[in-house]
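Asks: The structure file upload-v6.cif (mmCIF, C-alpha atoms (C1' of nucleotides)) is provided below.
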data_run
#
loop_
_atom_site.label_atom_id
_atom_site.label_comp_id
_atom_site.auth_asym_id
_atom_site.auth_seq_id
_atom_site.Cartn_x
_atom_site.Cartn_y
_atom_site.Cartn_z
CA MET E 1 93.20 90.69 108.51
CA SER E 2 95.85 88.05 109.18
CA LYS E 3 97.89 87.98 112.36
CA LYS E 4 100.92 88.72 110.24
CA GLN E 5 99.37 91.92 108.92
CA LEU E 6 98.18 92.84 112.40
CA LEU E 7 101.75 92.44 113.63
CA LEU E 8 103.04 94.70 110.89
CA LYS E 9 100.36 97.26 111.64
CA ALA E 10 101.24 97.29 115.34
CA ALA E 11 104.93 97.50 114.53
CA GLU E 12 104.38 100.39 112.14
CA ALA E 13 102.75 102.45 114.85
CA LYS E 14 105.61 101.76 117.24
CA VAL E 15 108.37 102.48 114.76
CA ARG E 16 106.75 105.65 113.46
CA THR E 17 106.55 106.81 117.05
CA GLY E 18 110.02 106.07 118.32
CA GLY E 19 112.13 104.33 115.73
CA TYR E 20 113.30 100.80 115.05
CA ASN E 21 114.37 100.14 118.63
CA ASN E 22 111.00 101.26 119.97
CA PHE E 23 109.21 97.93 119.68
CA SER E 24 109.73 94.43 120.98
CA PHE E 25 108.31 91.09 119.91
CA ARG E 26 106.54 90.81 123.26
CA GLU E 27 104.78 94.15 122.93
CA LEU E 28 103.54 93.31 119.45
CA ALA E 29 102.45 89.86 120.54
CA ASP E 30 100.55 91.21 123.56
CA GLU E 31 98.80 93.78 121.43
CA ILE E 32 97.32 91.26 119.05
CA GLY E 33 96.84 88.51 121.61
CA ILE E 34 99.50 85.91 120.78
CA LYS E 35 102.81 84.93 122.35
CA SER E 36 106.15 86.41 121.43
CA SER E 37 107.41 83.05 120.21
CA SER E 38 104.61 83.02 117.65
CA VAL E 39 105.87 86.28 116.22
CA HIS E 40 109.08 84.47 115.34
CA TYR E 41 107.02 82.06 113.29
CA HIS E 42 105.94 84.90 111.00
CA PHE E 43 109.22 86.80 111.14
CA PRO E 44 112.30 84.72 111.99
CA THR E 45 114.23 87.76 113.20
CA LYS E 46 113.48 91.34 114.11
CA ALA E 47 115.35 92.47 111.01
CA ASP E 48 113.00 90.40 108.85
CA LEU E 49 110.04 92.14 110.39
CA GLY E 50 111.60 95.56 109.95
CA ALA E 51 112.49 94.92 106.32
CA GLU E 52 109.01 93.67 105.49
CA LEU E 53 107.56 96.68 107.24
CA ALA E 54 109.54 99.13 105.14
CA ARG E 55 108.82 97.16 101.98
CA GLN E 56 105.06 97.21 102.45
CA TYR E 57 105.08 100.84 103.53
CA THR E 58 106.85 101.84 100.33
CA ASP E 59 104.56 99.76 98.15
CA ASN E 60 101.39 101.08 99.79
CA PHE E 61 102.66 104.63 99.56
CA LEU E 62 103.30 104.42 95.84
CA THR E 63 100.16 102.43 95.10
CA ASN E 64 97.99 105.01 96.85
CA LEU E 65 99.64 107.73 94.79
CA GLY E 66 99.14 106.20 91.38
CA ALA E 67 101.38 107.02 88.45
CA PRO E 68 102.06 110.71 87.71
CA GLU E 69 100.79 110.18 84.16
CA ALA E 70 97.49 108.81 85.45
CA LEU E 71 97.04 111.79 87.76
CA ILE E 72 97.64 114.25 84.97
CA ALA E 73 95.13 112.36 82.84
CA GLN E 74 92.62 112.93 85.66
CA GLY E 75 93.32 116.65 85.57
CA LYS E 76 95.22 116.57 88.87
CA LYS E 77 98.60 118.10 89.60
CA PRO E 78 100.96 115.31 90.68
CA ILE E 79 102.92 117.47 93.11
CA GLU E 80 99.74 118.56 94.85
CA VAL E 81 98.61 114.98 95.22
CA TYR E 82 102.03 114.01 96.46
CA LEU E 83 102.10 116.78 99.03
CA GLN E 84 98.66 115.81 100.24
CA GLN E 85 99.69 112.21 100.72
CA PHE E 86 102.46 113.38 103.03
CA GLN E 87 100.11 115.70 104.84
CA CYS E 88 97.61 112.89 105.43
CA ALA E 89 100.33 110.68 106.90
CA LEU E 90 101.10 113.44 109.35
CA THR E 91 97.63 114.71 110.25
CA GLU E 92 95.60 111.49 110.14
CA ASP E 93 98.12 109.10 111.68
CA LYS E 94 99.69 111.90 113.70
CA LYS E 95 102.98 110.18 113.06
CA MET E 96 106.25 110.68 111.24
CA CYS E 97 106.90 109.00 107.89
CA LEU E 98 108.09 105.45 108.59
CA CYS E 99 110.96 105.56 106.14
CA GLY E 100 111.81 109.11 107.13
CA LEU E 101 112.46 107.92 110.66
CA LEU E 102 114.25 104.77 109.53
CA GLY E 103 116.29 106.80 107.07
CA ALA E 104 117.45 109.13 109.82
CA GLU E 105 118.73 106.22 111.91
CA THR E 106 119.93 104.25 108.90
CA ASP E 107 123.44 103.64 110.28
CA GLY E 108 121.95 101.89 113.29
CA LEU E 109 119.80 99.47 111.30
CA PRO E 110 120.31 95.86 110.20
CA GLU E 111 121.40 95.64 106.60
CA LYS E 112 118.15 94.33 105.17
CA VAL E 113 116.13 97.06 106.88
CA LYS E 114 118.51 99.68 105.54
CA THR E 115 118.14 98.31 102.03
CA GLN E 116 114.35 98.45 102.11
CA THR E 117 114.44 101.94 103.56
CA GLN E 118 116.66 103.13 100.73
CA ARG E 119 114.20 101.69 98.27
CA PHE E 120 111.54 104.11 99.54
CA PHE E 121 113.72 107.08 98.71
CA VAL E 122 114.89 105.78 95.35
CA GLN E 123 111.36 105.11 94.21
CA ASN E 124 109.99 108.38 95.51
CA ILE E 125 112.69 110.35 93.75
CA GLU E 126 111.88 108.47 90.56
CA TRP E 127 108.20 109.25 90.92
CA LEU E 128 108.83 112.94 91.55
CA THR E 129 111.35 113.15 88.73
CA HIS E 130 108.79 111.84 86.26
CA ALA E 131 106.19 114.19 87.67
CA TYR E 132 108.40 117.25 87.23
CA MET E 133 109.48 116.20 83.76
CA GLN E 134 105.88 116.10 82.67
CA THR E 135 104.48 119.14 84.42
CA ASP E 136 107.44 121.46 83.91
CA GLY E 137 108.81 119.89 80.76
CA ALA E 138 112.14 119.88 82.53
CA SER E 139 115.14 117.79 81.55
CA GLU E 140 115.66 114.62 83.55
CA HIS E 141 118.62 116.16 85.35
CA THR E 142 116.75 119.31 86.31
CA ALA E 143 113.66 117.34 87.29
CA LYS E 144 115.71 115.06 89.52
CA GLY E 145 117.07 118.08 91.33
CA GLN E 146 113.55 119.35 91.87
CA ALA E 147 112.49 115.90 93.03
CA ILE E 148 115.25 115.67 95.62
CA ALA E 149 114.47 119.16 96.88
CA ALA E 150 110.74 118.41 97.14
CA LEU E 151 111.25 115.11 98.94
CA SER E 152 113.72 116.70 101.34
CA LEU E 153 111.39 119.58 102.07
CA LEU E 154 108.44 117.30 102.80
CA GLU E 155 110.36 114.87 105.00
CA GLY E 156 111.86 117.82 106.84
CA ALA E 157 108.49 119.51 107.17
CA MET E 158 107.08 116.37 108.78
CA LEU E 159 110.05 116.11 111.11
CA VAL E 160 109.86 119.71 112.25
CA SER E 161 106.08 119.53 112.63
CA LYS E 162 106.39 116.46 114.83
CA ALA E 163 109.19 117.98 116.88
CA MET E 164 107.23 121.18 117.44
CA ASN E 165 103.95 119.31 117.80
CA ASP E 166 102.27 121.73 115.41
CA THR E 167 100.83 120.56 112.11
CA ALA E 168 100.53 124.15 110.88
CA ILE E 169 104.31 124.05 110.50
CA PHE E 170 103.95 121.47 107.76
CA THR E 171 101.57 123.70 105.82
CA THR E 172 103.85 126.70 106.15
CA ALA E 173 106.98 124.76 105.23
CA SER E 174 105.45 123.12 102.18
CA ALA E 175 103.62 126.17 100.84
CA GLY E 176 106.46 126.98 98.48
CA LEU E 177 106.03 123.69 96.62
CA LEU E 178 102.64 124.76 95.29
CA ALA E 179 103.78 128.11 93.96
CA THR E 180 102.89 128.45 90.27
CA ARG E 181 106.00 128.86 88.24
CA MET M 182 137.86 116.91 129.08
CA SER M 183 135.82 115.69 132.04
CA LYS M 184 134.34 112.23 132.22
CA LYS M 185 130.93 113.86 132.09
CA GLN M 186 131.74 115.56 128.81
CA LEU M 187 133.26 112.36 127.45
CA LEU M 188 130.04 110.55 128.29
CA LEU M 189 127.99 113.17 126.47
CA LYS M 190 130.31 112.99 123.50
CA ALA M 191 130.01 109.20 123.32
CA ALA M 192 126.24 109.40 123.73
CA GLU M 193 125.94 112.00 120.98
CA ALA M 194 127.61 109.69 118.50
CA LYS M 195 125.29 106.84 119.44
CA VAL M 196 122.10 108.88 119.34
CA ARG M 197 122.98 110.58 116.07
CA THR M 198 123.55 107.13 114.62
CA GLY M 199 120.47 105.28 115.77
CA GLY M 200 118.29 107.41 118.01
CA TYR M 201 117.61 107.72 121.71
CA ASN M 202 117.22 103.98 122.25
CA ASN M 203 120.53 103.26 120.56
CA PHE M 204 122.78 103.69 123.57
CA SER M 205 123.03 102.18 127.02
CA PHE M 206 124.80 103.27 130.16
CA ARG M 207 127.01 100.21 129.94
CA GLU M 208 128.18 100.99 126.41
CA LEU M 209 129.01 104.58 127.31
CA ALA M 210 130.80 103.49 130.45
CA ASP M 211 132.89 100.91 128.62
CA GLU M 212 133.86 103.42 125.97
CA ILE M 213 135.35 105.90 128.40
CA GLY M 214 136.66 103.32 130.85
CA ILE M 215 134.38 103.57 133.88
CA LYS M 216 131.52 101.46 135.24
CA SER M 217 127.86 101.90 134.37
CA SER M 218 127.02 102.75 137.97
CA SER M 219 129.37 105.71 137.75
CA VAL M 220 127.42 107.05 134.82
CA HIS M 221 124.45 107.32 137.16
CA TYR M 222 126.54 109.57 139.36
CA HIS M 223 126.78 112.13 136.56
CA PHE M 224 123.29 111.53 135.16
CA PRO M 225 120.77 110.08 137.62
CA THR M 226 118.56 108.74 134.82
CA LYS M 227 118.85 108.16 131.12
CA ALA M 228 116.36 110.96 130.53
CA ASP M 229 118.66 113.36 132.37
CA LEU M 230 121.51 112.41 130.08
CA GLY M 231 119.34 112.76 126.98
CA ALA M 232 118.05 116.16 128.03
CA GLU M 233 121.51 117.49 128.80
CA LEU M 234 122.70 116.13 125.46
CA ALA M 235 120.04 118.01 123.51
CA ARG M 236 120.59 121.14 125.59
CA GLN M 237 124.34 121.28 124.93
CA TYR M 238 123.89 120.40 121.28
CA THR M 239 121.52 123.31 120.80
CA ASP M 240 123.76 125.72 122.68
CA ASN M 241 126.87 124.70 120.78
CA PHE M 242 125.04 124.88 117.48
CA LEU M 243 123.88 128.44 118.07
CA THR M 244 127.15 129.56 119.61
CA ASN M 245 129.12 128.32 116.62
CA LEU M 246 126.78 130.22 114.33
CA GLY M 247 127.01 133.58 116.02
CA ALA M 248 124.24 136.15 115.78
CA PRO M 249 122.87 136.97 112.30
CA GLU M 250 123.66 140.64 112.90
CA ALA M 251 127.29 139.83 113.65
CA LEU M 252 127.60 137.76 110.47
CA ILE M 253 126.20 140.55 108.34
CA ALA M 254 128.65 142.95 109.99
CA GLN M 255 131.42 140.60 108.84
CA GLY M 256 130.13 140.77 105.29
CA LYS M 257 128.77 137.22 105.41
CA LYS M 258 125.34 136.03 104.35
CA PRO M 259 123.66 134.44 107.40
CA ILE M 260 121.76 131.84 105.36
CA GLU M 261 124.95 130.70 103.67
CA VAL M 262 126.70 130.33 107.01
CA TYR M 263 123.68 128.52 108.41
CA LEU M 264 123.57 126.11 105.49
CA GLN M 265 127.26 125.42 105.82
CA GLN M 266 126.89 124.58 109.50
CA PHE M 267 124.35 121.92 108.57
CA GLN M 268 126.55 120.64 105.80
CA CYS M 269 129.52 120.31 108.15
CA ALA M 270 127.43 118.32 110.64
CA LEU M 271 126.62 115.93 107.85
CA THR M 272 129.92 115.66 106.01
CA GLU M 273 132.41 115.93 108.89
CA ASP M 274 130.59 113.89 111.50
CA LYS M 275 128.89 111.78 108.84
CA LYS M 276 125.87 111.82 111.05
CA MET M 277 122.32 113.11 111.20
CA CYS M 278 121.46 116.22 113.19
CA LEU M 279 120.97 115.14 116.82
CA CYS M 280 117.79 117.10 117.34
CA GLY M 281 116.53 116.16 113.89
CA LEU M 282 116.63 112.53 114.90
CA LEU M 283 115.21 113.19 118.36
CA GLY M 284 112.52 115.40 116.85
CA ALA M 285 111.43 112.61 114.53
CA GLU M 286 110.98 110.21 117.43
CA THR M 287 109.65 112.87 119.78
CA ASP M 288 106.55 110.92 120.82
CA GLY M 289 108.73 108.10 122.08
CA LEU M 290 110.92 110.29 124.28
CA PRO M 291 110.85 111.10 128.00
CA GLU M 292 109.26 114.48 128.66
CA LYS M 293 112.42 116.36 129.56
CA VAL M 294 114.23 115.14 126.44
CA LYS M 295 111.28 116.19 124.30
CA THR M 296 111.34 119.65 125.88
CA GLN M 297 115.02 120.18 125.17
CA THR M 298 114.58 118.91 121.62
CA GLN M 299 111.80 121.40 120.99
CA ARG M 300 114.06 124.15 122.23
CA PHE M 301 116.46 123.45 119.35
CA PHE M 302 113.73 124.08 116.81
CA VAL M 303 112.29 127.12 118.53
CA GLN M 304 115.68 128.80 118.73
CA ASN M 305 116.68 127.88 115.19
CA ILE M 306 113.45 129.30 113.81
CA GLU M 307 114.07 132.47 115.78
CA TRP M 308 117.61 132.73 114.43
CA LEU M 309 116.48 132.23 110.84
CA THR M 310 113.56 134.59 111.23
CA HIS M 311 115.90 137.36 112.32
CA ALA M 312 118.27 136.51 109.50
CA TYR M 313 115.54 136.76 106.86
CA MET M 314 114.15 139.96 108.31
CA GLN M 315 117.53 141.58 107.95
CA THR M 316 118.67 140.23 104.62
CA ASP M 317 115.33 140.38 102.82
CA GLY M 318 113.77 143.19 104.79
CA ALA M 319 110.79 140.90 105.16
CA SER M 320 108.05 141.30 107.76
CA GLU M 321 108.35 139.08 110.82
CA HIS M 322 105.48 136.90 109.60
CA THR M 323 106.95 136.43 106.15
CA ALA M 324 110.42 135.84 107.54
CA LYS M 325 109.13 133.20 109.94
CA GLY M 326 107.59 131.36 107.03
CA GLN M 327 110.90 131.45 105.21
CA ALA M 328 112.66 130.31 108.37
CA ILE M 329 110.37 127.30 108.82
CA ALA M 330 110.77 126.35 105.16
CA ALA M 331 114.57 126.66 105.31
CA LEU M 332 114.88 124.64 108.52
CA SER M 333 112.58 121.96 107.13
CA LEU M 334 114.50 121.76 103.90
CA LEU M 335 117.85 121.40 105.65
CA GLU M 336 116.69 118.80 108.16
CA GLY M 337 115.05 116.90 105.34
CA ALA M 338 118.12 117.18 103.14
CA MET M 339 120.24 115.67 105.91
CA LEU M 340 117.73 112.89 106.43
CA VAL M 341 117.50 111.97 102.76
CA SER M 342 121.29 112.21 102.34
CA LYS M 343 121.79 109.84 105.26
CA ALA M 344 119.13 107.44 104.02
CA MET M 345 120.62 107.37 100.52
CA ASN M 346 124.18 107.45 101.85
CA ASP M 347 125.07 110.19 99.39
CA THR M 348 126.17 113.61 100.58
CA ALA M 349 125.68 115.06 97.09
CA ILE M 350 121.96 114.81 97.77
CA PHE M 351 122.31 117.44 100.48
CA THR M 352 123.98 119.85 98.08
CA THR M 353 121.32 119.31 95.44
CA ALA M 354 118.45 119.63 97.89
CA SER M 355 119.75 122.78 99.52
CA ALA M 356 120.84 124.55 96.33
CA GLY M 357 117.58 126.47 96.13
CA LEU M 358 118.25 128.21 99.43
CA LEU M 359 121.20 130.10 97.99
CA ALA M 360 119.36 131.40 94.94
CA THR M 361 119.61 135.18 94.76
CA ARG M 362 116.19 136.67 94.98
"C1'" DT D 363 85.50 57.14 102.31
"C1'" DC D 364 89.08 56.38 105.55
"C1'" DG D 365 93.56 56.69 107.32
"C1'" DT D 366 97.96 58.88 106.90
"C1'" DT D 367 100.97 62.50 106.30
"C1'" DA D 368 102.18 67.52 105.94
"C1'" DT D 369 101.56 72.17 106.81
"C1'" DT D 370 100.17 76.03 109.47
"C1'" DA D 371 99.82 78.52 113.45
"C1'" DT D 372 99.96 78.61 117.87
"C1'" DC D 373 101.46 77.33 122.69
"C1'" DT D 374 104.73 76.50 127.04
"C1'" DA D 375 109.11 76.78 128.79
"C1'" DT D 376 113.44 78.41 128.76
"C1'" DC D 377 117.92 80.52 127.55
"C1'" DA D 378 121.79 83.91 127.76
"C1'" DG D 379 122.33 88.58 127.41
"C1'" DT D 380 121.27 93.28 128.45
"C1'" DA D 381 118.45 97.16 130.25
"C1'" DG D 382 118.18 101.02 133.82
"C1'" DA D 383 118.60 101.55 138.46
"C1'" DT D 384 120.07 101.10 143.46
"C1'" DA D 385 122.66 100.31 147.90
"C1'" DC D 386 126.81 100.56 149.80
"C1'" DA D 387 131.81 100.66 150.22
"C1'" DC D 388 136.10 103.06 149.32
"C1'" DA D 389 139.70 106.14 148.02
"C1'" DG D 390 141.64 110.84 147.49
"C1'" DG D 391 141.55 115.53 148.08
"C1'" DT D 392 139.62 119.69 150.76
"C1'" DA X 393 134.80 115.38 158.73
"C1'" DC X 394 133.16 116.16 154.12
"C1'" DC X 395 132.60 116.00 149.20
"C1'" DT X 396 133.65 114.00 144.71
"C1'" DG X 397 134.07 110.38 141.87
"C1'" DT X 398 134.45 105.67 141.22
"C1'" DG X 399 133.93 100.68 142.16
"C1'" DT X 400 131.50 96.11 143.58
"C1'" DA X 401 127.54 93.70 143.79
"C1'" DT X 402 123.03 93.07 142.87
"C1'" DC X 403 118.03 93.72 141.60
"C1'" DT X 404 114.03 93.33 138.63
"C1'" DA X 405 112.49 93.65 134.15
"C1'" DC X 406 112.95 92.93 129.49
"C1'" DT X 407 115.44 91.55 125.05
"C1'" DG X 408 115.57 88.42 120.85
"C1'" DA X 409 115.78 83.80 120.12
"C1'" DT X 410 115.19 78.62 120.37
"C1'" DA X 411 113.33 73.88 121.38
"C1'" DG X 412 109.72 71.08 121.56
"C1'" DA X 413 104.69 70.04 122.13
"C1'" DT X 414 100.03 70.64 120.45
"C1'" DA X 415 95.85 71.37 117.89
"C1'" DA X 416 93.64 72.26 113.54
"C1'" DT X 417 93.40 71.99 108.89
"C1'" DA X 418 94.72 70.45 104.18
"C1'" DA X 419 96.37 67.08 100.92
"C1'" DC X 420 96.92 62.61 99.28
"C1'" DG X 421 96.78 57.67 98.45
"C1'" DA X 422 94.47 53.19 98.98
#
Turn this file's structure into structure tokens for me.

Replies:
Amino acid sequence: MSKKQLLLKAAEAKVRTGGYNNFSFRELADEIGIKSSSVHYHFPTKADLGAELARQYTDNFLTNLGAPEALIAQGKKPIEVYLQQFQCALTEDKKMCLCGLLGAETDGLPEKVKTQTQRFFVQNIEWLTHAYMQTDGASEHTAKGQAIAALSLLEGAMLVSKAMNDTAIFTTASAGLLATR
Amino acid sequence: MSKKQLLLKAAEAKVRTGGYNNFSFRELADEIGIKSSSVHYHFPTKADLGAELARQYTDNFLTNLGAPEALIAQGKKPIEVYLQQFQCALTEDKKMCLCGLLGAETDGLPEKVKTQTQRFFVQNIEWLTHAYMQTDGASEHTAKGQAIAALSLLEGAMLVSKAMNDTAIFTTASAGLLATR
DNA sequence: TCGTTATTATCTATCAGTAGATACACAGGT
DNA sequence: ACCTGTGTATCTACTGATAGATAATAACGA
């Protein structure tokens, strides 16, 4: 794994713990055994690092999911898979969603970080909209409403679980999503 | 309004914009026209300020709501009032919920700030649990589940609305809460 | 093949600015 | 005399960022 990726990995942990202002170039550099000036070689500014972080997080998130159509073809329910991906982020990493945290502090972020954070939400709503259109046969408008509600519930469930330090909260909060309709 | 309250007010705006690490004693001091050393007179450490901020926010939030019983006595639906209080925080202040943001970055906070942040969620879940028990006649266990789901949905709806910079998202996301059951 | 040039990734050293925090002085009101 | 609130001055530590040197590797032309 390249130093650049190691930097991003270290930064992700920091940001998911305490937000964009919770890491410094020196901390990251120390963690992977280089000097802070070398971090600037890979990322000219902190905003560049933050933007790349959000970009990769979004891409990995969606790649790991796969397309809703593909999941259905495998006999899986997209919403269940989606919920589980959120749950894993919370229980395995024991951390908040990166873009959830960045989204909450969006007005305090550099422009390019904000833009990449928004992209996470846009793409997730698109994914969920397609999923609902196919499983429920809903209209695009209806499905988009369901998508926004589902995304909000899951981000909020993570947030409340973290705040209360109790992963059972996530399960309770998200139970309604799986109800057969 | 006392300097102490002015400091808290200024700090609230900063934290709700970019999290706990998004304000400094100097910034607050400059805003209200005193020196940073004088801020330490009112709040010995930054953690003290943060904790007091979360404490007052929680108290004000619950005071403004009133007890669920009292709302019912006035012919109001507690969940509707509760939802509207969240919506006002978002649309009037144009900011994220203070404790929502602090909750998301809980693992990066000083202990006493974390404790006060948790208190917000504990008390809100209690409030909602009572509300659901009375309006739905649900058991305490069932009502607590509804409470956790409602709180998660609303915090998440705020977060996604902020991230997407679109308050209509909040309305869409929270619409399901008002459905007559 | 050999020598030259370019690129990549790191280093040392340093900068101006800001962070939270402290010691101590001072004024005004009780 | 004391308490409250503020100010001056200062400390150490850390921030993101830059300049310039260095070593290692890759690419290229004669």

Asks: Which residues fall under the PyMOL selection byres ((chain D) within 10 of (chain E)) in this file, as a PyMOL selection string?

Replies: chain D and resi 370-374

Asks: Kindly determine which residues of chain E lie within 12 Å of chain X, considering all atoms listed in the file, and give the answer as a compact mmCIF listing (two decimals) with C-alpha atoms, in the coordinates of the input.

Replies:
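Final file, out.txt:
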# COMPACT_ATOMS: atom_id res chain seq x y z
CA ASN E 21 114.37 100.14 118.63
CA ASN E 22 111.00 101.26 119.97
CA PHE E 23 109.21 97.93 119.68
CA SER E 24 109.73 94.43 120.98
CA PHE E 25 108.31 91.09 119.91
CA ARG E 26 106.54 90.81 123.26
CA GLU E 27 104.78 94.15 122.93
CA SER E 36 106.15 86.41 121.43
CA SER E 37 107.41 83.05 120.21
CA SER E 38 104.61 83.02 117.65
CA VAL E 39 105.87 86.28 116.22
CA HIS E 40 109.08 84.47 115.34
CA TYR E 41 107.02 82.06 113.29
CA PHE E 43 109.22 86.80 111.14
CA PRO E 44 112.30 84.72 111.99
CA THR E 45 114.23 87.76 113.20
CA LYS E 46 113.48 91.34 114.11
CA ALA E 47 115.35 92.47 111.01

Asks: Report as JSON, numbers by chain the full result of the PyMOL selection byres ((chain M) within 9 of (chain E)) when it is applied to this structure.

Replies: {"M": [195, 196, 197, 198, 199, 200, 201, 202, 203, 276, 277, 278, 280, 281, 282, 283, 284, 285, 286, 287, 288, 289, 290, 295, 298, 299, 300, 302, 303, 326, 327, 328, 329, 330, 331, 332, 333, 334, 335, 336, 337, 338, 339, 340, 341, 342, 343, 344, 345, 346, 350, 351, 353, 354, 355, 356, 357]}

Asks: Using only C-alpha atoms, please write the residues we just selected to a file, as a PDB file, in the coordinates of the input.

Replies:
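File produced: selection12.pdb:
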ATOM      1  CA  LYS M 195     125.290 106.840 119.440  1.00  0.00           C
ATOM      2  CA  VAL M 196     122.100 108.880 119.340  1.00  0.00           C
ATOM      3  CA  ARG M 197     122.980 110.580 116.070  1.00  0.00           C
ATOM      4  CA  THR M 198     123.550 107.130 114.620  1.00  0.00           C
ATOM      5  CA  GLY M 199     120.470 105.280 115.770  1.00  0.00           C
ATOM      6  CA  GLY M 200     118.290 107.410 118.010  1.00  0.00           C
ATOM      7  CA  TYR M 201     117.610 107.720 121.710  1.00  0.00           C
ATOM      8  CA  ASN M 202     117.220 103.980 122.250  1.00  0.00           C
ATOM      9  CA  ASN M 203     120.530 103.260 120.560  1.00  0.00           C
ATOM     10  CA  LYS M 276     125.870 111.820 111.050  1.00  0.00           C
ATOM     11  CA  MET M 277     122.320 113.110 111.200  1.00  0.00           C
ATOM     12  CA  CYS M 278     121.460 116.220 113.190  1.00  0.00           C
ATOM     13  CA  CYS M 280     117.790 117.100 117.340  1.00  0.00           C
ATOM     14  CA  GLY M 281     116.530 116.160 113.890  1.00  0.00           C
ATOM     15  CA  LEU M 282     116.630 112.530 114.900  1.00  0.00           C
ATOM     16  CA  LEU M 283     115.210 113.190 118.360  1.00  0.00           C
ATOM     17  CA  GLY M 284     112.520 115.400 116.850  1.00  0.00           C
ATOM     18  CA  ALA M 285     111.430 112.610 114.530  1.00  0.00           C
ATOM     19  CA  GLU M 286     110.980 110.210 117.430  1.00  0.00           C
ATOM     20  CA  THR M 287     109.650 112.870 119.780  1.00  0.00           C
ATOM     21  CA  ASP M 288     106.550 110.920 120.820  1.00  0.00           C
ATOM     22  CA  GLY M 289     108.730 108.100 122.080  1.00  0.00           C
ATOM     23  CA  LEU M 290     110.920 110.290 124.280  1.00  0.00           C
ATOM     24  CA  LYS M 295     111.280 116.190 124.300  1.00  0.00           C
ATOM     25  CA  THR M 298     114.580 118.910 121.620  1.00  0.00           C
ATOM     26  CA  GLN M 299     111.800 121.400 120.990  1.00  0.00           C
ATOM     27  CA  ARG M 300     114.060 124.150 122.230  1.00  0.00           C
ATOM     28  CA  PHE M 302     113.730 124.080 116.810  1.00  0.00           C
ATOM     29  CA  VAL M 303     112.290 127.120 118.530  1.00  0.00           C
ATOM     30  CA  GLY M 326     107.590 131.360 107.030  1.00  0.00           C
ATOM     31  CA  GLN M 327     110.900 131.450 105.210  1.00  0.00           C
ATOM     32  CA  ALA M 328     112.660 130.310 108.370  1.00  0.00           C
ATOM     33  CA  ILE M 329     110.370 127.300 108.820  1.00  0.00           C
ATOM     34  CA  ALA M 330     110.770 126.350 105.160  1.00  0.00           C
ATOM     35  CA  ALA M 331     114.570 126.660 105.310  1.00  0.00           C
ATOM     36  CA  LEU M 332     114.880 124.640 108.520  1.00  0.00           C
ATOM     37  CA  SER M 333     112.580 121.960 107.130  1.00  0.00           C
ATOM     38  CA  LEU M 334     114.500 121.760 103.900  1.00  0.00           C
ATOM     39  CA  LEU M 335     117.850 121.400 105.650  1.00  0.00           C
ATOM     40  CA  GLU M 336     116.690 118.800 108.160  1.00  0.00           C
ATOM     41  CA  GLY M 337     115.050 116.900 105.340  1.00  0.00           C
ATOM     42  CA  ALA M 338     118.120 117.180 103.140  1.00  0.00           C
ATOM     43  CA  MET M 339     120.240 115.670 105.910  1.00  0.00           C
ATOM     44  CA  LEU M 340     117.730 112.890 106.430  1.00  0.00           C
ATOM     45  CA  VAL M 341     117.500 111.970 102.760  1.00  0.00           C
ATOM     46  CA  SER M 342     121.290 112.210 102.340  1.00  0.00           C
ATOM     47  CA  LYS M 343     121.790 109.840 105.260  1.00  0.00           C
ATOM     48  CA  ALA M 344     119.130 107.440 104.020  1.00  0.00           C
ATOM     49  CA  MET M 345     120.620 107.370 100.520  1.00  0.00           C
ATOM     50  CA  ASN M 346     124.180 107.450 101.850  1.00  0.00           C
ATOM     51  CA  ILE M 350     121.960 114.810  97.770  1.00  0.00           C
ATOM     52  CA  PHE M 351     122.310 117.440 100.480  1.00  0.00           C
ATOM     53  CA  THR M 353     121.320 119.310  95.440  1.00  0.00           C
ATOM     54  CA  ALA M 354     118.450 119.630  97.890  1.00  0.00           C
ATOM     55  CA  SER M 355     119.750 122.780  99.520  1.00  0.00           C
ATOM     56  CA  ALA M 356     120.840 124.550  96.330  1.00  0.00           C
ATOM     57  CA  GLY M 357     117.580 126.470  96.130  1.00  0.00           C
TER      58      GLY M 357
END

Asks: Record the distance separating CA of Ala131 (chain E) and CA of Pro68 (chain E), expressed in Å with one decimal.

Replies: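 Computing it gives 5.4 Å between the two atoms.
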
Asks: Quick one, how far is CA of Leu189 (chain M) from CA of Leu230 (chain M)?

Replies: 7.5 Å

Asks: With the file shown as input, list the residues that the PyMOL selection byres ((chain M and resi 243-246) around 10) selects, as an NGL selection string.

Replies: :M and (237-242 or 247-249 or 251-252 or 259 or 262-263 or 265-266 or 301 or 304-305 or 308)

Asks: Record the distance separating CA of Lys258 (chain M) and CA of Ala143 (chain E), expressed in Å with one decimal.

Replies: 27.9 Å
